[in-house]
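Text of data.tsv (TSV, C-alpha atoms) as supplied:
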chain	number	residue	atom	x	y	z
J	123	MET	CA	-10.00	12.22	-8.71
J	124	ALA	CA	-10.51	11.89	-4.99
J	125	ILE	CA	-12.29	8.76	-3.80
J	126	ALA	CA	-15.35	9.83	-1.85
J	127	CYS	CA	-16.00	7.84	1.28
J	128	PRO	CA	-19.55	6.42	1.49
J	129	VAL	CA	-21.34	8.14	4.35
J	130	ASP	CA	-22.03	4.83	6.05
J	131	LEU	CA	-18.58	3.25	5.62
J	132	ASP	CA	-17.59	1.91	9.01
J	133	THR	CA	-14.54	4.11	9.62
J	134	ARG	CA	-13.78	2.39	12.94
J	135	LYS	CA	-13.63	-0.95	11.13
J	136	LEU	CA	-11.49	0.65	8.41
J	137	ARG	CA	-9.04	1.96	11.01
J	138	GLU	CA	-8.86	-1.44	12.74
J	139	GLU	CA	-8.31	-3.19	9.42
J	140	ILE	CA	-5.52	-0.79	8.45
J	141	GLN	CA	-3.80	-1.29	11.81
J	142	SER	CA	-4.17	-5.06	11.53
J	143	ILE	CA	-2.77	-5.31	8.00
J	144	TYR	CA	0.15	-2.95	8.57
J	145	SER	CA	1.02	-4.63	11.87
J	146	GLN	CA	1.31	-7.86	9.87
J	147	VAL	CA	3.49	-6.10	7.30
J	148	ALA	CA	5.71	-4.80	10.13
J	149	ARG	CA	6.09	-8.23	11.72
J	150	GLY	CA	6.36	-10.30	8.53
J	151	PRO	CA	6.86	-8.25	5.37
J	152	SER	CA	7.45	-11.34	3.25
J	153	GLY	CA	3.90	-12.57	3.94
J	154	ASP	CA	1.07	-12.81	1.42
J	155	PHE	CA	-0.31	-9.32	0.72
J	156	HIS	CA	-2.03	-7.79	-2.28
J	157	PHE	CA	0.55	-5.01	-2.57
J	158	HIS	CA	4.31	-4.98	-3.08
J	159	ARG	CA	6.82	-4.39	-0.29
J	160	GLY	CA	10.53	-3.88	0.02
J	161	PRO	CA	13.51	-2.11	-1.54
J	162	ALA	CA	13.60	-4.09	-4.81
J	163	TYR	CA	10.02	-3.00	-5.51
J	164	ALA	CA	10.85	0.58	-4.53
J	165	ALA	CA	13.80	0.69	-6.92
J	166	SER	CA	12.20	-1.09	-9.87
J	167	LEU	CA	8.67	0.36	-9.93
J	168	LEU	CA	9.01	3.61	-7.96
J	169	ARG	CA	12.45	4.78	-9.17
J	170	TYR	CA	14.17	4.94	-5.79
J	171	ASP	CA	17.97	4.93	-5.75
J	172	ALA	CA	18.80	1.28	-5.05
J	173	ALA	CA	22.34	2.07	-3.89
J	174	LEU	CA	21.05	4.61	-1.36
J	175	LEU	CA	18.41	2.19	-0.07
J	176	ALA	CA	21.14	-0.40	0.46
J	177	THR	CA	22.74	1.93	3.03
J	178	LEU	CA	19.60	1.91	5.22
J	179	PRO	CA	18.76	-0.75	7.83
J	180	GLU	CA	16.92	-3.68	6.25
J	181	GLU	CA	14.33	-3.37	9.04
J	182	SER	CA	13.26	-0.05	7.56
J	183	THR	CA	13.22	-1.05	3.89
J	184	ALA	CA	11.74	-4.57	4.01
J	185	SER	CA	8.32	-3.34	5.21
J	186	PHE	CA	8.16	-0.39	2.81
J	187	ALA	CA	4.77	-0.36	1.08
J	188	GLY	CA	4.54	3.07	-0.55
J	189	VAL	CA	2.95	3.75	-3.93
J	190	ALA	CA	5.11	6.58	-5.32
J	191	ASN	CA	8.33	8.44	-4.51
J	192	PRO	CA	8.06	11.87	-2.86
J	193	HIS	CA	11.86	12.28	-2.81
J	194	ARG	CA	11.83	12.85	-6.58
J	195	MET	CA	10.05	16.21	-6.17
J	196	GLY	CA	13.14	18.21	-5.38
J	197	PRO	CA	15.61	18.30	-2.51
J	198	VAL	CA	14.68	19.05	1.08
J	199	ALA	CA	17.03	21.73	2.39
J	200	GLU	CA	19.57	20.91	5.06
J	201	GLY	CA	18.37	22.06	8.46
J	202	SER	CA	14.67	21.70	7.60
J	203	ILE	CA	12.02	20.11	9.76
J	204	VAL	CA	10.31	17.32	7.80
J	205	VAL	CA	7.31	15.26	8.85
J	206	ASP	CA	6.46	11.90	7.32
J	207	ILE	CA	2.78	11.06	7.82
J	208	GLY	CA	2.34	7.30	8.08
J	209	CYS	CA	6.07	6.69	8.22
J	210	GLY	CA	5.69	2.93	8.52
J	211	ALA	CA	9.00	1.19	9.21
J	212	GLY	CA	10.83	4.39	8.35
J	213	MET	CA	12.36	4.08	4.87
J	214	ASP	CA	11.15	7.47	3.59
J	215	LEU	CA	11.71	8.95	7.05
J	216	LEU	CA	15.38	7.96	7.10
J	217	LEU	CA	15.88	9.25	3.55
J	218	ALA	CA	14.42	12.57	4.72
J	219	ALA	CA	16.73	12.52	7.75
J	220	LEU	CA	19.71	12.14	5.43
J	221	SER	CA	18.54	15.18	3.43
J	222	VAL	CA	17.99	17.51	6.42
J	223	GLY	CA	21.25	16.50	8.09
J	224	PRO	CA	22.21	16.87	11.74
J	225	ARG	CA	20.89	20.47	11.98
J	226	GLY	CA	17.45	19.38	10.78
J	227	ARG	CA	14.80	17.04	12.15
J	228	ALA	CA	12.75	14.24	10.63
J	229	ILE	CA	9.58	13.42	12.53
J	230	GLY	CA	7.70	10.26	11.66
J	231	ILE	CA	4.06	9.73	12.57
J	232	ASP	CA	2.29	6.39	12.40
J	233	MET	CA	-0.89	5.06	13.96
J	234	THR	CA	0.38	1.45	14.03
J	235	GLU	CA	2.46	0.79	17.13
J	236	ALA	CA	4.39	-2.08	15.49
J	237	MET	CA	5.45	0.17	12.61
J	238	ALA	CA	6.36	3.08	14.90
J	239	GLU	CA	8.53	0.76	17.01
J	240	LYS	CA	10.23	-0.54	13.90
J	241	ALA	CA	10.95	2.97	12.64
J	242	ARG	CA	12.40	3.98	16.04
J	243	GLY	CA	14.56	0.87	16.09
J	244	SER	CA	15.83	1.48	12.56
J	245	ALA	CA	16.72	5.09	13.34
J	246	GLN	CA	18.60	4.06	16.47
J	247	ALA	CA	20.38	1.18	14.75
J	248	ALA	CA	21.57	3.47	11.98
J	249	GLY	CA	22.66	6.18	14.42
J	250	PHE	CA	20.22	8.88	13.36
J	251	ASP	CA	20.05	11.49	16.15
J	252	ASN	CA	17.75	13.74	14.15
J	253	VAL	CA	14.81	11.32	13.94
J	254	GLU	CA	11.77	11.19	16.20
J	255	VAL	CA	8.76	8.88	15.82
J	256	ARG	CA	5.36	9.70	17.30
J	257	LEU	CA	2.25	7.56	17.49
J	258	GLY	CA	-0.53	9.49	15.81
J	259	ASP	CA	-3.15	9.83	13.13
J	260	ALA	CA	-3.28	11.83	9.89
J	261	MET	CA	-6.71	13.11	10.93
J	262	SER	CA	-5.28	14.77	14.04
J	263	LEU	CA	-1.54	15.31	13.75
J	264	PRO	CA	0.40	15.43	17.03
J	265	LEU	CA	2.20	18.60	15.95
J	266	GLU	CA	2.01	22.31	16.69
J	267	ALA	CA	0.64	24.68	14.07
J	268	LEU	CA	3.18	26.40	11.79
J	269	SER	CA	6.01	24.17	12.98
J	270	VAL	CA	7.08	22.24	9.85
J	271	ASP	CA	8.92	23.09	6.60
J	272	VAL	CA	8.05	20.02	4.54
J	273	VAL	CA	5.43	17.28	4.90
J	274	ILE	CA	5.90	14.03	3.03
J	275	SER	CA	3.71	10.94	2.91
J	276	ASN	CA	3.54	7.85	0.74
J	277	GLY	CA	0.51	5.64	0.17
J	278	VAL	CA	-1.19	6.70	3.38
J	279	LEU	CA	-3.58	9.58	2.78
J	280	ASN	CA	-5.68	7.42	0.45
J	281	LEU	CA	-6.48	5.40	3.58
J	282	THR	CA	-8.05	8.33	5.42
J	283	PRO	CA	-11.85	8.50	5.38
J	284	ASP	CA	-12.02	12.31	5.00
J	285	LYS	CA	-9.33	13.90	2.80
J	286	SER	CA	-10.36	17.48	3.63
J	287	VAL	CA	-9.62	16.86	7.33
J	288	ALA	CA	-6.28	15.16	6.59
J	289	TYR	CA	-5.15	17.85	4.12
J	290	GLY	CA	-6.38	20.54	6.52
J	291	GLU	CA	-4.11	19.09	9.19
J	292	VAL	CA	-1.13	19.26	6.83
J	293	PHE	CA	-2.00	22.88	6.02
J	294	ARG	CA	-2.23	23.69	9.74
J	295	VAL	CA	1.23	22.36	10.66
J	296	LEU	CA	3.12	23.78	7.65
J	297	ARG	CA	4.81	27.16	7.85
J	298	PRO	CA	4.00	29.71	5.11
J	299	GLY	CA	5.92	28.64	2.01
J	300	GLY	CA	6.08	25.07	3.29
J	301	ARG	CA	5.80	22.23	0.82
J	302	PHE	CA	3.58	19.16	0.84
J	303	LEU	CA	5.24	16.39	-1.22
J	304	TYR	CA	3.29	13.19	-1.17
J	305	GLY	CA	2.72	9.94	-2.97
J	306	ASP	CA	-0.78	8.56	-3.26
J	307	ILE	CA	-3.04	6.56	-5.53
J	308	VAL	CA	-5.66	8.08	-7.80
J	309	VAL	CA	-8.39	6.51	-9.89
J	310	ALA	CA	-9.25	7.52	-13.46
J	311	SER	CA	-12.86	6.34	-13.36
J	312	GLU	CA	-15.65	6.50	-10.83
J	313	LEU	CA	-15.64	3.53	-8.46
J	314	SER	CA	-18.77	1.46	-8.13
J	315	GLU	CA	-20.69	1.75	-4.86
J	316	LYS	CA	-19.69	-1.85	-4.09
J	317	ALA	CA	-16.00	-1.07	-4.58
J	318	ARG	CA	-16.26	2.05	-2.39
J	319	ARG	CA	-17.67	-0.04	0.46
J	320	ASP	CA	-14.93	-2.69	0.13
J	321	VAL	CA	-12.65	-2.18	3.12
J	322	GLU	CA	-10.01	-4.43	1.54
J	323	LEU	CA	-9.71	-2.05	-1.40
J	324	TRP	CA	-9.36	0.91	0.94
J	325	THR	CA	-6.52	-0.78	2.78
J	326	GLY	CA	-4.51	-1.68	-0.33
Y	255	MET	CA	-6.55	17.60	-6.11
Y	256	GLU	CA	-9.54	19.91	-5.74
Y	257	VAL	CA	-9.60	19.13	-2.03
Y	258	LEU	CA	-6.01	20.39	-1.68
Y	259	SER	CA	-6.95	23.70	-3.30
Y	260	SER	CA	-10.07	24.00	-1.19
Y	261	VAL	CA	-8.08	23.88	2.06
Y	262	GLY	CA	-5.75	26.62	0.79
Y	263	PHE	CA	-2.83	24.95	-1.00
Y	264	LYS	CA	-1.38	26.58	-4.15
Y	265	ASP	CA	0.61	25.22	-7.12
Y	266	VAL	CA	-1.08	21.82	-6.75
Y	267	ASN	CA	0.29	19.50	-9.40
Y	268	VAL	CA	0.68	15.80	-10.21
Y	269	GLU	CA	4.40	15.57	-10.94
Y	270	GLU	CA	4.92	11.92	-11.87
Y	271	ARG	CA	3.01	8.65	-12.23
Y	272	PHE	CA	3.87	5.09	-11.18
Y	273	ASP	CA	2.39	1.61	-11.55
Y	274	PRO	CA	2.56	0.20	-8.00
Y	275	PHE	CA	0.11	-2.64	-8.55
Y	276	LEU	CA	1.97	-4.16	-11.52
Y	277	GLY	CA	2.36	-7.89	-10.87
Y	278	THR	CA	0.14	-7.96	-7.75
Y	279	SER	CA	-3.12	-9.83	-7.24
Y	280	LYS	CA	-4.92	-6.46	-7.53
Y	281	GLU	CA	-3.39	-5.54	-10.89
Y	282	ARG	CA	-6.59	-6.37	-12.77
Y	283	THR	CA	-8.72	-4.23	-10.44
Y	284	ALA	CA	-6.20	-1.42	-10.72
Y	285	ARG	CA	-6.36	-1.57	-14.53
Y	286	LYS	CA	-10.18	-1.66	-14.47
Y	287	TYR	CA	-10.42	1.59	-12.52
Y	288	GLY	CA	-7.27	3.24	-13.88
Y	289	VAL	CA	-5.54	3.25	-10.51
Y	290	THR	CA	-2.03	4.72	-10.56
Y	291	GLY	CA	0.48	5.95	-8.03
Y	292	VAL	CA	1.25	9.65	-8.24
Y	293	ASN	CA	3.66	12.18	-6.82
Y	294	VAL	CA	1.70	15.27	-5.81
Y	295	PHE	CA	3.21	18.70	-5.11
Y	296	ALA	CA	1.44	21.45	-3.16
Y	297	ARG	CA	2.65	24.64	-1.47
Y	298	LYS	CA	1.26	26.59	1.46
Y	299	PRO	CA	1.19	30.28	0.48
Using structure tokens, write down the structure that the file contains.
Amino acid sequence: MAIACPVDLDTRKLREEIQSIYSQVARGPSGDFHFHRGPAYAASLLRYDAALLATLPEESTASFAGVANPHRMGPVAEGSIVVDIGCGAGMDLLLAALSVGPRGRAIGIDMTEAMAEKARGSAQAAGFDNVEVRLGDAMSLPLEALSVDVVISNGVLNLTPDKSVAYGEVFRVLRPGGRFLYGDIVVASELSEKARRDVELWTG
Amino acid sequence: MEVLSSVGFKDVNVEERFDPFLGTSKERTARKYGVTGVNVFARKP
């Protein structure tokens, strides 16, 4: 079930709150947050390969705050162009870069400057030449139409105020036959009006 | 999921579920509303 955004939810405030919280996660991932972070969480609750995560820079894994594991939905072919929407510090992005290899490209997009910087730094530190990080928003992707083979995302699209716009952007940038493999949260029961107006719940 | 189909995606499917809020301060809220993490697959025709 998609969570419908109340028409009068302050989307500017929501965006500012998201940027504030995830900047804090980027700068101090061991802080007090209402969601898990880090590679131990990813391995134990989201079934990531702990040994593979251990090969990535700690900078990229410590701030990981995804909610599922898009890499479990089949391999991404070598040489592909993959985009990670809301790449954060870059853990999923670097895993995608490993899959596509030196002939492919992994492009990360994040609207939080602190996270984008961290992802760039992690890619450089680990020697990934096939990684690029762009500052941008899921509601208006900084990508050409029909330019991407696979789009991944993890725990980000639930933060967007209008899913049809965000999904439409993914559809626009994918080539025919392209795959959209993403992790998100869903709710089984209708949220109360109070819960739907709670910006803290939206940013979790 | 309906939104994905409405913008043109095919083969939309929830592939796997996770419990990302287990042990967090929001676990109770997550249980109340049945919030789970999911892997979602979709293909552009």
Per residue of chain J within 7 Å of chain Y, note the shortest atom pair and the distance in Å to one decimal, counting only C-alpha atoms, and order the rows by chain and increasing residue number, as CSV.
residue,atom,partner,partner_atom,distance
J:Met123,CA,Y:Met255,CA,6.9
J:His156,CA,Y:Ser279,CA,5.5
J:Phe157,CA,Y:Thr278,CA,6.0
J:His158,CA,Y:Thr278,CA,6.9
J:Leu167,CA,Y:Pro274,CA,6.4
J:Leu168,CA,Y:Phe272,CA,6.2
J:Val189,CA,Y:Gly291,CA,5.3
J:Ala190,CA,Y:Gly291,CA,5.4
J:Asn191,CA,Y:Asn293,CA,6.4
J:Pro192,CA,Y:Asn293,CA,5.9
J:Ser286,CA,Y:Val257,CA,5.9
J:Tyr289,CA,Y:Leu258,CA,6.4
J:Gly290,CA,Y:Val261,CA,5.8
J:Phe293,CA,Y:Lys298,CA,6.7
J:Pro298,CA,Y:Pro299,CA,5.4
J:Gly299,CA,Y:Lys298,CA,5.1
J:Gly300,CA,Y:Lys298,CA,5.4
J:Arg301,CA,Y:Arg297,CA,4.6
J:Phe302,CA,Y:Ala296,CA,5.1
J:Leu303,CA,Y:Phe295,CA,5.0
J:Tyr304,CA,Y:Val294,CA,5.3
J:Gly305,CA,Y:Asn293,CA,4.6
J:Asp306,CA,Y:Val292,CA,5.5
J:Ile307,CA,Y:Gly291,CA,4.4
J:Val308,CA,Y:Val289,CA,5.5
J:Val309,CA,Y:Val289,CA,4.4
J:Ala310,CA,Y:Gly288,CA,4.7
J:Ser311,CA,Y:Tyr287,CA,5.4
J:Leu313,CA,Y:Tyr287,CA,6.9
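Between CA of Asp206 in chain J and CA of Arg194 in chain J lies a distance of 14.9 Å.
Atom pair CA of Asp251 in chain J / CA of Met213 in chain J has a distance of 15.5 Å (rounded to one decimal).
Proximity of J:Gly223, J:Gly277, J:Pro161, J:Pro179 to Gln246 in chain J, computed with only C-alpha atoms, is greatest for J:Pro179.
For the atom pair formed by CA of Thr183 in chain J and CA of Gly160 in chain J, the distance is 5.5 Å, given to one decimal.
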Checklist entry - Got a sec: who's within 10 Å of Ala211 in chain J, counting all atoms listed in the file, leaving out chain neighbours fewer than 2 positions off, as a ChimeraX atom specification? => result /J:144,147-148,180-187,208-209,213-216,230,232,234,236-245
Atoms to include: C-alpha atoms. Write the selected residues as an mmCIF file, in the frame of the given file.
data_model
loop_
_atom_site.group_PDB
_atom_site.id
_atom_site.type_symbol
_atom_site.label_atom_id
_atom_site.label_comp_id
_atom_site.auth_asym_id
_atom_site.auth_seq_id
_atom_site.Cartn_x
_atom_site.Cartn_y
_atom_site.Cartn_z
ATOM 1 C CA TYR J 144 0.150 -2.950 8.570
ATOM 2 C CA VAL J 147 3.490 -6.100 7.300
ATOM 3 C CA ALA J 148 5.710 -4.800 10.130
ATOM 4 C CA GLU J 180 16.920 -3.680 6.250
ATOM 5 C CA GLU J 181 14.330 -3.370 9.040
ATOM 6 C CA SER J 182 13.260 -0.050 7.560
ATOM 7 C CA THR J 183 13.220 -1.050 3.890
ATOM 8 C CA ALA J 184 11.740 -4.570 4.010
ATOM 9 C CA SER J 185 8.320 -3.340 5.210
ATOM 10 C CA PHE J 186 8.160 -0.390 2.810
ATOM 11 C CA ALA J 187 4.770 -0.360 1.080
ATOM 12 C CA GLY J 208 2.340 7.300 8.080
ATOM 13 C CA CYS J 209 6.070 6.690 8.220
ATOM 14 C CA MET J 213 12.360 4.080 4.870
ATOM 15 C CA ASP J 214 11.150 7.470 3.590
ATOM 16 C CA LEU J 215 11.710 8.950 7.050
ATOM 17 C CA LEU J 216 15.380 7.960 7.100
ATOM 18 C CA GLY J 230 7.700 10.260 11.660
ATOM 19 C CA ASP J 232 2.290 6.390 12.400
ATOM 20 C CA THR J 234 0.380 1.450 14.030
ATOM 21 C CA ALA J 236 4.390 -2.080 15.490
ATOM 22 C CA MET J 237 5.450 0.170 12.610
ATOM 23 C CA ALA J 238 6.360 3.080 14.900
ATOM 24 C CA GLU J 239 8.530 0.760 17.010
ATOM 25 C CA LYS J 240 10.230 -0.540 13.900
ATOM 26 C CA ALA J 241 10.950 2.970 12.640
ATOM 27 C CA ARG J 242 12.400 3.980 16.040
ATOM 28 C CA GLY J 243 14.560 0.870 16.090
ATOM 29 C CA SER J 244 15.830 1.480 12.560
ATOM 30 C CA ALA J 245 16.720 5.090 13.340
#
